[in-house]
Amino acid sequence: MKKKIFPENIAIFPLSNAVFFPRTILPLNIFEDRYIELINDCLKGERMFGMVQPKNRTKNSTEVHNVGCLGKIINFSETSDKRFIITLSGIIRFKIKKELSKDKLYRKFNVDYSNFLDDLNNDVSEIIDFDKDNLLKKINVFFNMINYSIKNNELAKLDPDQLISTITMISPFSVEEKQKIIETKEIKEKIKLLDNIINFNIFELQDSKTIQ
């Protein structure tokens, strides 16, 4: 998909702890009026909108982080109570430039994709020098500690970038931790960051059990 077809002005769905990456799939249950309007409008066009994490709530609105991911609706159904169940496919990350004047219930932003054009590179043949087995062991330890079942054999099949994205999306990391990962461009830096975050969370969980 070429950069020129990506809309510069996009609808945004802020959703806390729902960080979203290129080449991943995100199921969403849409029930608020403003986002039902967003989905209805998207279905009339290119079926694309952006996902970002909220930052702080002010008196008039919710501030959002400035890096998110553009997604395309690849499947949807409408329920009898007028909700939408959709499947969103991640395409490319963006950086928010400015918020646009509001003429809809939902918010729209002007965005720039230029920092993240490598997200469009589907060639995963690049060899990344890191100890994948060791990282998978740490991931397994972490998820066992939070009583969350994962399929290590399925994770092992993922390329490094998909592995980082998947773990970040399904993990109960903080908003700030998830945001740091989505804002990091280089795969090697993302691997290092994910490893540090997992080490920190394992330490915190062990320390918490010791105190109890």
# chains A, B, ... in the order shown; residues from 1 in each chain; ligands from 1
call {"tool": "residues_around", "arguments": {"residues": "stretch 79-89 of chain A", "least_positions_apart": "5", "cutoff": "6 Å", "atoms": "only C-alpha atoms", "output": "PyMOL selection string"}}
result
chain A and resi 24-31+71-74
call {"tool": "write_last_selection", "arguments": {"atoms": "N, CA and C atoms", "output": "compact mmCIF listing (two decimals), in the first residue's frame"}}
result
# COMPACT_ATOMS: atom_id res chain seq x y z
N THR A 24 -0.96 -6.21 12.92
CA THR A 24 -1.68 -6.90 13.99
C THR A 24 -3.18 -6.71 13.76
N ILE A 25 -3.94 -7.50 14.48
CA ILE A 25 -5.40 -7.47 14.36
C ILE A 25 -5.99 -7.09 15.72
N LEU A 26 -6.95 -6.16 15.70
CA LEU A 26 -7.58 -5.72 16.95
C LEU A 26 -9.10 -5.82 16.82
N PRO A 27 -9.73 -6.69 17.64
CA PRO A 27 -11.20 -6.74 17.66
C PRO A 27 -11.74 -5.64 18.57
N LEU A 28 -12.81 -5.00 18.16
CA LEU A 28 -13.39 -3.90 18.94
C LEU A 28 -14.90 -4.03 19.00
N ASN A 29 -15.44 -3.74 20.17
CA ASN A 29 -16.88 -3.68 20.38
C ASN A 29 -17.26 -2.20 20.48
N ILE A 30 -17.95 -1.68 19.49
CA ILE A 30 -18.26 -0.25 19.41
C ILE A 30 -19.69 -0.01 19.86
N PHE A 31 -19.83 0.77 20.95
CA PHE A 31 -21.18 0.98 21.49
C PHE A 31 -21.50 2.43 21.82
N GLY A 71 -5.55 2.04 11.20
CA GLY A 71 -6.08 0.71 10.94
C GLY A 71 -7.17 0.72 9.90
N LYS A 72 -7.42 -0.42 9.31
CA LYS A 72 -8.49 -0.56 8.31
C LYS A 72 -9.47 -1.62 8.79
N ILE A 73 -10.76 -1.30 8.71
CA ILE A 73 -11.80 -2.26 9.07
C ILE A 73 -11.82 -3.36 8.01
N ILE A 74 -11.54 -4.59 8.43
CA ILE A 74 -11.54 -5.70 7.48
C ILE A 74 -12.73 -6.64 7.68
call {"tool": "residues_around", "arguments": {"residues": "A:Asn140", "least_positions_apart": "4", "cutoff": "10 Å", "atoms": "only C-alpha atoms", "output": "ChimeraX atom specification"}}
result
/A:134-136,144-145,148-152
call {"tool": "write_last_selection", "arguments": {"atoms": "N, CA and C atoms", "output": "PDB file, in the first residue's frame"}}
result
ATOM      1  N   ASN A 134      15.695 -16.764  24.953  1.00  0.00           N
ATOM      2  CA  ASN A 134      15.770 -16.163  26.276  1.00  0.00           C
ATOM      3  C   ASN A 134      14.613 -15.201  26.513  1.00  0.00           C
ATOM      4  N   LEU A 135      14.279 -14.408  25.488  1.00  0.00           N
ATOM      5  CA  LEU A 135      13.158 -13.485  25.609  1.00  0.00           C
ATOM      6  C   LEU A 135      11.848 -14.244  25.793  1.00  0.00           C
ATOM      7  N   LEU A 136      11.668 -15.326  25.048  1.00  0.00           N
ATOM      8  CA  LEU A 136      10.449 -16.129  25.175  1.00  0.00           C
ATOM      9  C   LEU A 136      10.334 -16.756  26.572  1.00  0.00           C
ATOM     10  N   ASN A 144       3.146 -16.449  33.460  1.00  0.00           N
ATOM     11  CA  ASN A 144       2.826 -17.409  34.522  1.00  0.00           C
ATOM     12  C   ASN A 144       2.592 -16.694  35.850  1.00  0.00           C
ATOM     13  N   MET A 145       3.368 -15.656  36.100  1.00  0.00           N
ATOM     14  CA  MET A 145       3.244 -14.906  37.355  1.00  0.00           C
ATOM     15  C   MET A 145       1.920 -14.160  37.447  1.00  0.00           C
ATOM     16  N   TYR A 148      -1.695 -15.900  33.345  1.00  0.00           N
ATOM     17  CA  TYR A 148      -2.237 -15.699  31.994  1.00  0.00           C
ATOM     18  C   TYR A 148      -1.625 -16.759  31.091  1.00  0.00           C
ATOM     19  N   SER A 149      -2.477 -17.526  30.442  1.00  0.00           N
ATOM     20  CA  SER A 149      -2.010 -18.628  29.601  1.00  0.00           C
ATOM     21  C   SER A 149      -1.659 -18.128  28.202  1.00  0.00           C
ATOM     22  N   ILE A 150      -0.475 -18.488  27.729  1.00  0.00           N
ATOM     23  CA  ILE A 150      -0.062 -18.143  26.368  1.00  0.00           C
ATOM     24  C   ILE A 150       0.471 -19.393  25.679  1.00  0.00           C
ATOM     25  N   LYS A 151       0.491 -19.342  24.349  1.00  0.00           N
ATOM     26  CA  LYS A 151       1.012 -20.460  23.559  1.00  0.00           C
ATOM     27  C   LYS A 151       2.402 -20.088  23.061  1.00  0.00           C
ATOM     28  N   ASN A 152       3.413 -20.574  23.785  1.00  0.00           N
ATOM     29  CA  ASN A 152       4.789 -20.227  23.445  1.00  0.00           C
ATOM     30  C   ASN A 152       5.177 -20.690  22.046  1.00  0.00           C
TER      31      ASN A 152
END
call {"tool": "atom_distance", "arguments": {"atom1": "atom CA of A:Ser16", "atom2": "atom CA of A:Asn56"}}
result
10.5 Å
call {"tool": "residues_around", "arguments": {"residues": "A:Asn199", "least_positions_apart": "2", "cutoff": "12 Å", "atoms": "only C-alpha atoms", "output": "list in words"}}
result
Asn134, Leu135, Lys137, Lys138, Ile139, Asn140, Val141, Phe142, Phe173, Lys192, Leu193, Leu194, Asp195, Asn196, Ile197, Asn201, Ile202, Phe203, Glu204, Leu205 and Gln206 of chain A
call {"tool": "write_last_selection", "arguments": {"atoms": "N, CA and C atoms", "output": "PDB file, in the first residue's frame"}}
result
ATOM      1  N   ASN A 134      15.695 -16.764  24.953  1.00  0.00           N
ATOM      2  CA  ASN A 134      15.770 -16.163  26.276  1.00  0.00           C
ATOM      3  C   ASN A 134      14.613 -15.201  26.513  1.00  0.00           C
ATOM      4  N   LEU A 135      14.279 -14.408  25.488  1.00  0.00           N
ATOM      5  CA  LEU A 135      13.158 -13.485  25.609  1.00  0.00           C
ATOM      6  C   LEU A 135      11.848 -14.244  25.793  1.00  0.00           C
ATOM      7  N   LYS A 137      11.464 -17.142  27.145  1.00  0.00           N
ATOM      8  CA  LYS A 137      11.456 -17.701  28.505  1.00  0.00           C
ATOM      9  C   LYS A 137      10.998 -16.643  29.511  1.00  0.00           C
ATOM     10  N   LYS A 138      11.517 -15.422  29.360  1.00  0.00           N
ATOM     11  CA  LYS A 138      11.116 -14.337  30.257  1.00  0.00           C
ATOM     12  C   LYS A 138       9.632 -14.018  30.088  1.00  0.00           C
ATOM     13  N   ILE A 139       9.170 -14.013  28.846  1.00  0.00           N
ATOM     14  CA  ILE A 139       7.754 -13.770  28.575  1.00  0.00           C
ATOM     15  C   ILE A 139       6.900 -14.833  29.258  1.00  0.00           C
ATOM     16  N   ASN A 140       7.341 -16.081  29.153  1.00  0.00           N
ATOM     17  CA  ASN A 140       6.598 -17.183  29.771  1.00  0.00           C
ATOM     18  C   ASN A 140       6.562 -17.048  31.293  1.00  0.00           C
ATOM     19  N   VAL A 141       7.697 -16.669  31.896  1.00  0.00           N
ATOM     20  CA  VAL A 141       7.758 -16.463  33.345  1.00  0.00           C
ATOM     21  C   VAL A 141       6.799 -15.358  33.764  1.00  0.00           C
ATOM     22  N   PHE A 142       6.827 -14.256  33.026  1.00  0.00           N
ATOM     23  CA  PHE A 142       5.968 -13.113  33.351  1.00  0.00           C
ATOM     24  C   PHE A 142       4.490 -13.488  33.288  1.00  0.00           C
ATOM     25  N   PHE A 173       0.831  -4.143  30.658  1.00  0.00           N
ATOM     26  CA  PHE A 173       1.796  -3.077  30.879  1.00  0.00           C
ATOM     27  C   PHE A 173       1.049  -1.763  31.094  1.00  0.00           C
ATOM     28  N   LYS A 192      15.121  -4.387  23.007  1.00  0.00           N
ATOM     29  CA  LYS A 192      15.791  -4.000  24.252  1.00  0.00           C
ATOM     30  C   LYS A 192      14.787  -3.402  25.241  1.00  0.00           C
ATOM     31  N   LEU A 193      13.900  -2.555  24.727  1.00  0.00           N
ATOM     32  CA  LEU A 193      12.899  -1.909  25.583  1.00  0.00           C
ATOM     33  C   LEU A 193      11.924  -2.920  26.154  1.00  0.00           C
ATOM     34  N   LEU A 194      11.430  -3.837  25.306  1.00  0.00           N
ATOM     35  CA  LEU A 194      10.513  -4.870  25.788  1.00  0.00           C
ATOM     36  C   LEU A 194      11.169  -5.737  26.852  1.00  0.00           C
ATOM     37  N   ASP A 195      12.417  -6.090  26.628  1.00  0.00           N
ATOM     38  CA  ASP A 195      13.156  -6.902  27.600  1.00  0.00           C
ATOM     39  C   ASP A 195      13.267  -6.173  28.942  1.00  0.00           C
ATOM     40  N   ASN A 196      13.576  -4.893  28.896  1.00  0.00           N
ATOM     41  CA  ASN A 196      13.687  -4.104  30.132  1.00  0.00           C
ATOM     42  C   ASN A 196      12.344  -4.009  30.859  1.00  0.00           C
ATOM     43  N   ILE A 197      11.267  -3.815  30.094  1.00  0.00           N
ATOM     44  CA  ILE A 197       9.937  -3.695  30.693  1.00  0.00           C
ATOM     45  C   ILE A 197       9.514  -5.009  31.353  1.00  0.00           C
ATOM     46  N   ASN A 201       8.797  -5.617  35.318  1.00  0.00           N
ATOM     47  CA  ASN A 201       7.521  -6.145  35.804  1.00  0.00           C
ATOM     48  C   ASN A 201       7.700  -7.430  36.600  1.00  0.00           C
ATOM     49  N   ILE A 202       8.609  -8.281  36.178  1.00  0.00           N
ATOM     50  CA  ILE A 202       8.899  -9.508  36.939  1.00  0.00           C
ATOM     51  C   ILE A 202       9.442  -9.147  38.313  1.00  0.00           C
ATOM     52  N   PHE A 203      10.359  -8.180  38.349  1.00  0.00           N
ATOM     53  CA  PHE A 203      10.931  -7.734  39.623  1.00  0.00           C
ATOM     54  C   PHE A 203       9.844  -7.166  40.539  1.00  0.00           C
ATOM     55  N   GLU A 204       8.961  -6.343  39.977  1.00  0.00           N
ATOM     56  CA  GLU A 204       7.880  -5.750  40.764  1.00  0.00           C
ATOM     57  C   GLU A 204       6.949  -6.810  41.325  1.00  0.00           C
ATOM     58  N   LEU A 205       6.637  -7.823  40.518  1.00  0.00           N
ATOM     59  CA  LEU A 205       5.755  -8.896  40.977  1.00  0.00           C
ATOM     60  C   LEU A 205       6.423  -9.723  42.064  1.00  0.00           C
ATOM     61  N   GLN A 206       7.711 -10.004  41.908  1.00  0.00           N
ATOM     62  CA  GLN A 206       8.452 -10.753  42.927  1.00  0.00           C
ATOM     63  C   GLN A 206       8.551  -9.961  44.217  1.00  0.00           C
TER      64      GLN A 206
END
call {"tool": "residues_around", "arguments": {"residues": "stretch 64-67 of chain A", "least_positions_apart": "4", "cutoff": "9 Å", "atoms": "only C-alpha atoms", "output": "list of chain:residue names"}}
result
A:Pro14, A:Val52, A:Gln53, A:Pro54, A:Lys55, A:Asn56, A:Arg57, A:Arg93, A:Phe94, A:Lys95, A:Ile96, A:Lys97, A:Gln179, A:Ile182, A:Glu183
call {"tool": "select_by_dssp", "arguments": {"residues": "stretch 65-193 of chain A", "states": "helix (DSSP H, G or I)", "output": "PyMOL selection string"}}
result
chain A and resi 114-120+132-145+152-156+160-170+175-183+187-193
call {"tool": "write_last_selection", "arguments": {"atoms": "C-alpha atoms", "output": "mmCIF file, in the first residue's frame"}}
result
data_model
loop_
_atom_site.group_PDB
_atom_site.id
_atom_site.type_symbol
_atom_site.label_atom_id
_atom_site.label_comp_id
_atom_site.auth_asym_id
_atom_site.auth_seq_id
_atom_site.Cartn_x
_atom_site.Cartn_y
_atom_site.Cartn_z
ATOM 1 C CA SER A 114 6.803 9.959 7.352
ATOM 2 C CA ASN A 115 8.648 8.744 10.486
ATOM 3 C CA PHE A 116 7.168 5.269 10.176
ATOM 4 C CA LEU A 117 7.369 4.325 6.495
ATOM 5 C CA ASP A 118 9.337 1.188 7.437
ATOM 6 C CA ASP A 119 6.064 -0.158 8.857
ATOM 7 C CA LEU A 120 5.064 -0.803 5.228
ATOM 8 C CA LYS A 132 14.826 -15.039 21.033
ATOM 9 C CA ASP A 133 14.689 -18.155 23.233
ATOM 10 C CA ASN A 134 15.770 -16.163 26.276
ATOM 11 C CA LEU A 135 13.158 -13.485 25.609
ATOM 12 C CA LEU A 136 10.449 -16.129 25.175
ATOM 13 C CA LYS A 137 11.456 -17.701 28.505
ATOM 14 C CA LYS A 138 11.116 -14.337 30.257
ATOM 15 C CA ILE A 139 7.754 -13.770 28.575
ATOM 16 C CA ASN A 140 6.598 -17.183 29.771
ATOM 17 C CA VAL A 141 7.758 -16.463 33.345
ATOM 18 C CA PHE A 142 5.968 -13.113 33.351
ATOM 19 C CA PHE A 143 2.676 -14.503 32.080
ATOM 20 C CA ASN A 144 2.826 -17.409 34.522
ATOM 21 C CA MET A 145 3.244 -14.906 37.355
ATOM 22 C CA ASN A 152 4.789 -20.227 23.445
ATOM 23 C CA ASN A 153 4.989 -22.363 20.313
ATOM 24 C CA GLU A 154 2.781 -19.853 18.476
ATOM 25 C CA LEU A 155 4.799 -16.880 19.736
ATOM 26 C CA ALA A 156 8.005 -18.595 18.582
ATOM 27 C CA PRO A 160 10.743 -10.138 15.999
ATOM 28 C CA ASP A 161 8.541 -7.150 15.195
ATOM 29 C CA GLN A 162 5.307 -9.155 15.380
ATOM 30 C CA LEU A 163 6.460 -10.753 18.629
ATOM 31 C CA ILE A 164 7.069 -7.364 20.240
ATOM 32 C CA SER A 165 3.732 -6.000 18.999
ATOM 33 C CA THR A 166 1.746 -9.037 20.130
ATOM 34 C CA ILE A 167 3.262 -9.152 23.624
ATOM 35 C CA THR A 168 2.801 -5.405 24.074
ATOM 36 C CA MET A 169 -0.849 -5.591 23.040
ATOM 37 C CA ILE A 170 -1.821 -8.512 25.285
ATOM 38 C CA VAL A 175 -0.065 3.061 29.278
ATOM 39 C CA GLU A 176 3.364 4.706 29.462
ATOM 40 C CA GLU A 177 5.228 1.422 28.889
ATOM 41 C CA LYS A 178 3.087 0.545 25.890
ATOM 42 C CA GLN A 179 3.482 4.035 24.493
ATOM 43 C CA LYS A 180 7.272 3.883 24.722
ATOM 44 C CA ILE A 181 7.253 0.746 22.590
ATOM 45 C CA ILE A 182 4.919 2.065 19.895
ATOM 46 C CA GLU A 183 6.980 5.255 19.615
ATOM 47 C CA ILE A 187 13.398 -3.166 15.981
ATOM 48 C CA LYS A 188 16.591 -3.688 17.987
ATOM 49 C CA GLU A 189 15.646 -0.813 20.285
ATOM 50 C CA LYS A 190 12.129 -2.214 20.660
ATOM 51 C CA ILE A 191 13.538 -5.615 21.639
ATOM 52 C CA LYS A 192 15.791 -4.000 24.252
ATOM 53 C CA LEU A 193 12.899 -1.909 25.583
#
call {"tool": "atom_distance", "arguments": {"atom1": "atom CA of A:Leu70", "atom2": "atom CA of A:Val19"}}
result
11.3 Å
call {"tool": "select_by_dssp", "arguments": {"residues": "stretch 36-111 of chain A", "states": "strand (DSSP E or B)", "output": "VMD selection string"}}
result
chain A and resid 48 to 52 54 to 57 62 to 64 67 to 78 84 to 99 107 to 111
call {"tool": "closest_residue", "arguments": {"among": "A:Ala11, A:Phe200, A:Asp112, A:Phe21", "to": "A:Ile36", "atoms": "only C-alpha atoms"}}
result
A:Ala11
call {"tool": "residues_around", "arguments": {"residues": "A:Lys98", "least_positions_apart": "2", "cutoff": "8 Å", "atoms": "only C-alpha atoms", "output": "number ranges by chain"}}
result
A: 96, 100, 109-111
call {"tool": "closest_residue", "arguments": {"among": "A:Ile39, A:Phe130, A:Tyr106, A:Glu46", "to": "A:Ile12", "atoms": "only C-alpha atoms"}}
result
A:Tyr106
call {"tool": "atom_distance", "arguments": {"atom1": "atom CA of A:Asp131", "atom2": "atom CA of A:Leu158"}}
result
13.9 Å
